[in-house]
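For reference, the structure discussed in these notes is given below.
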Amino acid sequence: MARTRPVGALLLTHGAGSDRNQSALVAIDEAARPLPVRRMDFPYRREGRRPPDRAPKLIASIVEEAADLCAEARIRPHRLALGGRSMGGRMCSMAVAEGLPAAALVLVSYPLHPPGKPERLRIEHLPQLRVPCLFVHGTRDPFATPDELRAATEAIPGPVTHHWIDGGRHGLERKDDEVAEVVVGWLRDLR
């Protein structure tokens, strides 16, 4: 009997200042085929607004999109991988910490703290993450140094993988192909 891969679809979310067409999300989408991938826009983007909504509304929209994608892909919720860039990835991790079923989390440029404010860590929910987590992060990202991110992710009980992009800042400019290759390879290797 063939073994079923745990990931049956992927939901991707954007950062605060972007939208579903952010270049790394598009690159991941294209590289992941034939895996069903949905790049979603948060409500504030769909409504043409710039400032992001508060976390509860962002998380509710992820829960809704996840259910819709699972129905469309005809998979159970525990086979859906979630994630995205910066704020979007953080909101996905918070949704999973609050009980949204998932196969894995893909977190690109995770915003551990605001730039220049390492005392304002966003880590309260990390001990509730029991799924495999991939962090793709630049070594020069002002939202978290590699040491800060390593230390914070020790609180995650699920398996954690870090991929460091040497010299990369928060936007990981010109690194879309590397990001996509790492994400897709990691998802394919999950068992």
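Order determines the names: the first chain of the structure tokens is A, the second B, and so forth; residues in each chain are numbered 1 upward, and ligands are numbered 1 upward as they are shown.
Summary of the local environment: counting only C-alpha atoms, residues at most 8 Å from His113 in chain A, other than itself and those fewer than 4 positions away along its chain, are Lys117, Pro118, Glu119, Arg120, Leu121, Arg122, Phe143 and Ala144 of chain A.
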Could the residues in this selection be written to a file with C-alpha atoms, as an mmCIF file, in the first residue's frame?
```
data_model
loop_
_atom_site.group_PDB
_atom_site.id
_atom_site.type_symbol
_atom_site.label_atom_id
_atom_site.label_comp_id
_atom_site.auth_asym_id
_atom_site.auth_seq_id
_atom_site.Cartn_x
_atom_site.Cartn_y
_atom_site.Cartn_z
ATOM 1 C CA LYS A 117 12.568 46.317 19.959
ATOM 2 C CA PRO A 118 13.816 42.836 20.912
ATOM 3 C CA GLU A 119 12.111 43.169 24.305
ATOM 4 C CA ARG A 120 8.682 43.050 22.572
ATOM 5 C CA LEU A 121 8.730 39.358 21.682
ATOM 6 C CA ARG A 122 5.713 37.777 19.985
ATOM 7 C CA PHE A 143 12.683 41.420 13.044
ATOM 8 C CA ALA A 144 14.854 38.632 14.562
#
```
Secondary structure check, strand (DSSP E) residues of range 60-189 of chain A, as a list in words: Leu80, Ala81, Leu82, Gly83, Gly84, Arg85, Ala104, Leu105, Val106, Leu107, Val108, Cys133, Leu134, Phe135, Val136, His137, Gly138, Val160, Thr161, His162, His163, Trp164 and Ile165 of chain A
Write out the residues from the selection above, keeping C-alpha atoms, as a PDB file, in the first residue's frame.
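out_35.pdb was written with the following content:
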```pdb
ATOM      1  CA  LEU A  80      -3.332  21.255   5.165  1.00  0.00           C
ATOM      2  CA  ALA A  81      -0.044  23.127   5.546  1.00  0.00           C
ATOM      3  CA  LEU A  82      -0.358  26.803   6.446  1.00  0.00           C
ATOM      4  CA  GLY A  83       2.009  29.717   6.420  1.00  0.00           C
ATOM      5  CA  GLY A  84       3.310  32.724   4.647  1.00  0.00           C
ATOM      6  CA  ARG A  85       5.455  35.782   4.954  1.00  0.00           C
ATOM      7  CA  ALA A 104       2.715  21.865   9.116  1.00  0.00           C
ATOM      8  CA  LEU A 105       3.622  25.550   9.286  1.00  0.00           C
ATOM      9  CA  VAL A 106       5.807  27.374   6.746  1.00  0.00           C
ATOM     10  CA  LEU A 107       7.040  30.659   8.247  1.00  0.00           C
ATOM     11  CA  VAL A 108       9.030  32.970   5.960  1.00  0.00           C
ATOM     12  CA  CYS A 133       7.521  24.163  11.579  1.00  0.00           C
ATOM     13  CA  LEU A 134       9.854  25.524   8.913  1.00  0.00           C
ATOM     14  CA  PHE A 135      11.405  28.948   9.478  1.00  0.00           C
ATOM     15  CA  VAL A 136      13.034  30.504   6.388  1.00  0.00           C
ATOM     16  CA  HIS A 137      14.837  33.588   7.584  1.00  0.00           C
ATOM     17  CA  GLY A 138      17.503  36.063   6.532  1.00  0.00           C
ATOM     18  CA  VAL A 160      11.467  22.840  14.036  1.00  0.00           C
ATOM     19  CA  THR A 161      13.634  23.369  10.955  1.00  0.00           C
ATOM     20  CA  HIS A 162      15.546  26.594  10.299  1.00  0.00           C
ATOM     21  CA  HIS A 163      16.854  27.607   6.890  1.00  0.00           C
ATOM     22  CA  TRP A 164      19.068  30.698   6.974  1.00  0.00           C
ATOM     23  CA  ILE A 165      19.469  32.904   3.931  1.00  0.00           C
TER      24      ILE A 165
END
```
So that I can see what lies close to Pro51 in chain A, please list as a compact mmCIF listing (two decimals) with N, CA and C atoms, in the first residue's frame the residues with an atom at most 10 Å from it, counting only C-alpha atoms and leaving out residues fewer than 5 positions away in the same chain.
```txt
# COMPACT_ATOMS: atom_id res chain seq x y z
N ALA A 16 2.19 42.26 6.09
CA ALA A 16 1.34 43.42 6.34
C ALA A 16 1.29 44.40 5.18
N GLY A 17 2.39 44.62 4.50
CA GLY A 17 2.42 45.63 3.45
C GLY A 17 2.29 45.07 2.05
N TYR A 44 -8.52 43.23 4.84
CA TYR A 44 -8.17 44.63 4.63
C TYR A 44 -7.63 44.87 3.22
N ARG A 45 -6.96 43.88 2.66
CA ARG A 45 -6.46 44.01 1.28
C ARG A 45 -7.61 43.91 0.29
```
Proximity to Arg76 in chain A - best of A:Ala60, A:Gly48, A:Gly116, A:Ala102, only C-alpha atoms: A:Ala102
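Closest approach to Glu124 in chain A from the set A:Ala9, A:Leu149, A:Leu25, A:Met94 is made by A:Met94, with distances taken over only C-alpha atoms.
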Nearest candidate to Pro146 in chain A (options A:Gly167, A:Pro6, A:Pro132, A:Pro114; using only C-alpha atoms): A:Gly167
Write out as a compact mmCIF listing (two decimals) with N, CA and C atoms, in the first residue's frame each polymer residue whose atoms come within 8 Å of Met40 in chain A, counting only C-alpha atoms; drop sequence neighbours fewer than 5 positions from it.
```txt
# COMPACT_ATOMS: atom_id res chain seq x y z
N LEU A 11 -1.88 26.61 2.16
CA LEU A 11 -2.50 27.93 2.21
C LEU A 11 -1.41 28.94 2.56
N LEU A 12 -1.24 29.96 1.72
CA LEU A 12 -0.20 30.97 1.92
C LEU A 12 -0.81 32.34 2.18
N THR A 13 -0.22 33.06 3.13
CA THR A 13 -0.69 34.38 3.51
C THR A 13 0.44 35.39 3.34
N HIS A 14 0.07 36.64 3.16
CA HIS A 14 1.05 37.69 2.87
C HIS A 14 1.42 38.49 4.11
N ASP A 19 0.41 41.70 -0.60
CA ASP A 19 -0.84 41.01 -0.90
C ASP A 19 -0.51 39.61 -1.41
N ARG A 20 -1.50 38.91 -1.90
CA ARG A 20 -1.35 37.52 -2.32
C ARG A 20 -0.37 37.34 -3.48
N GLU A 65 -10.63 30.51 5.14
CA GLU A 65 -9.93 30.10 3.90
C GLU A 65 -9.44 28.67 4.00
```
Every residue of range 34-188 of chain A that DSSP places in helix (DSSP H, G or I), as an MDAnalysis selection string: chainID A and resid 43:46 55:73 77:79 86:97 126:128 146:153 176:188
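Relative to CA of Asp177 in chain A, CA of Ala24 in chain A is found at 7.6 Å.
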Between CA of Arg130 in chain A and CA of Pro159 in chain A, distance in Å (one decimal): 7.6 Å
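By only C-alpha atoms, and with residues fewer than 5 positions from range 28-33 of chain A along its chain excluded, the set lying at most 9 Å from it is Leu10, Leu12, Ser23, Arg38, Arg39, Asp176, Asp177, Val179, Ala180, Glu181, Val183, Val184, Gly185 and Leu187 of chain A.
The smallest atom-to-atom distance between Glu72 in chain A and any of A:Tyr110, A:Asp53, A:Gly8, A:Pro101, using only C-alpha atoms, is found for A:Gly8.
With only C-alpha atoms as the atoms that count, the residue of A:Val182, A:Ala55, A:Leu35, A:Met91 with the shortest distance to Leu112 in chain A is A:Met91.
Taking only C-alpha atoms into account, Thr153 in chain A lies nearest to A:Ser93 out of the set A:Ile75, A:Val7, A:Ser93, A:Lys57.
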Long-range neighbours of Ser86 in chain A as a PyMOL selection string, 6 Å cut-off, only C-alpha atoms, 4 positions minimum in chain: chain A and resi 15+109-111
Go ahead and write the selection's residues with N, CA and C atoms as a PDB file, in the first residue's frame.
```
ATOM      1  N   GLY A  15       2.449  39.306   3.970  1.00  0.00           N
ATOM      2  CA  GLY A  15       2.869  40.209   5.036  1.00  0.00           C
ATOM      3  C   GLY A  15       1.994  41.444   5.077  1.00  0.00           C
ATOM      4  N   SER A 109      10.383  34.704   6.992  1.00  0.00           N
ATOM      5  CA  SER A 109      10.668  36.010   7.606  1.00  0.00           C
ATOM      6  C   SER A 109       9.749  36.259   8.798  1.00  0.00           C
ATOM      7  N   TYR A 110       9.778  35.340   9.732  1.00  0.00           N
ATOM      8  CA  TYR A 110       8.908  35.440  10.905  1.00  0.00           C
ATOM      9  C   TYR A 110       9.241  36.698  11.708  1.00  0.00           C
ATOM     10  N   PRO A 111       8.234  37.540  12.014  1.00  0.00           N
ATOM     11  CA  PRO A 111       8.482  38.779  12.768  1.00  0.00           C
ATOM     12  C   PRO A 111       8.458  38.525  14.276  1.00  0.00           C
TER      13      PRO A 111
END
```
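CA of Val96 in chain A is found 15.7 Å from CA of Leu69 in chain A.
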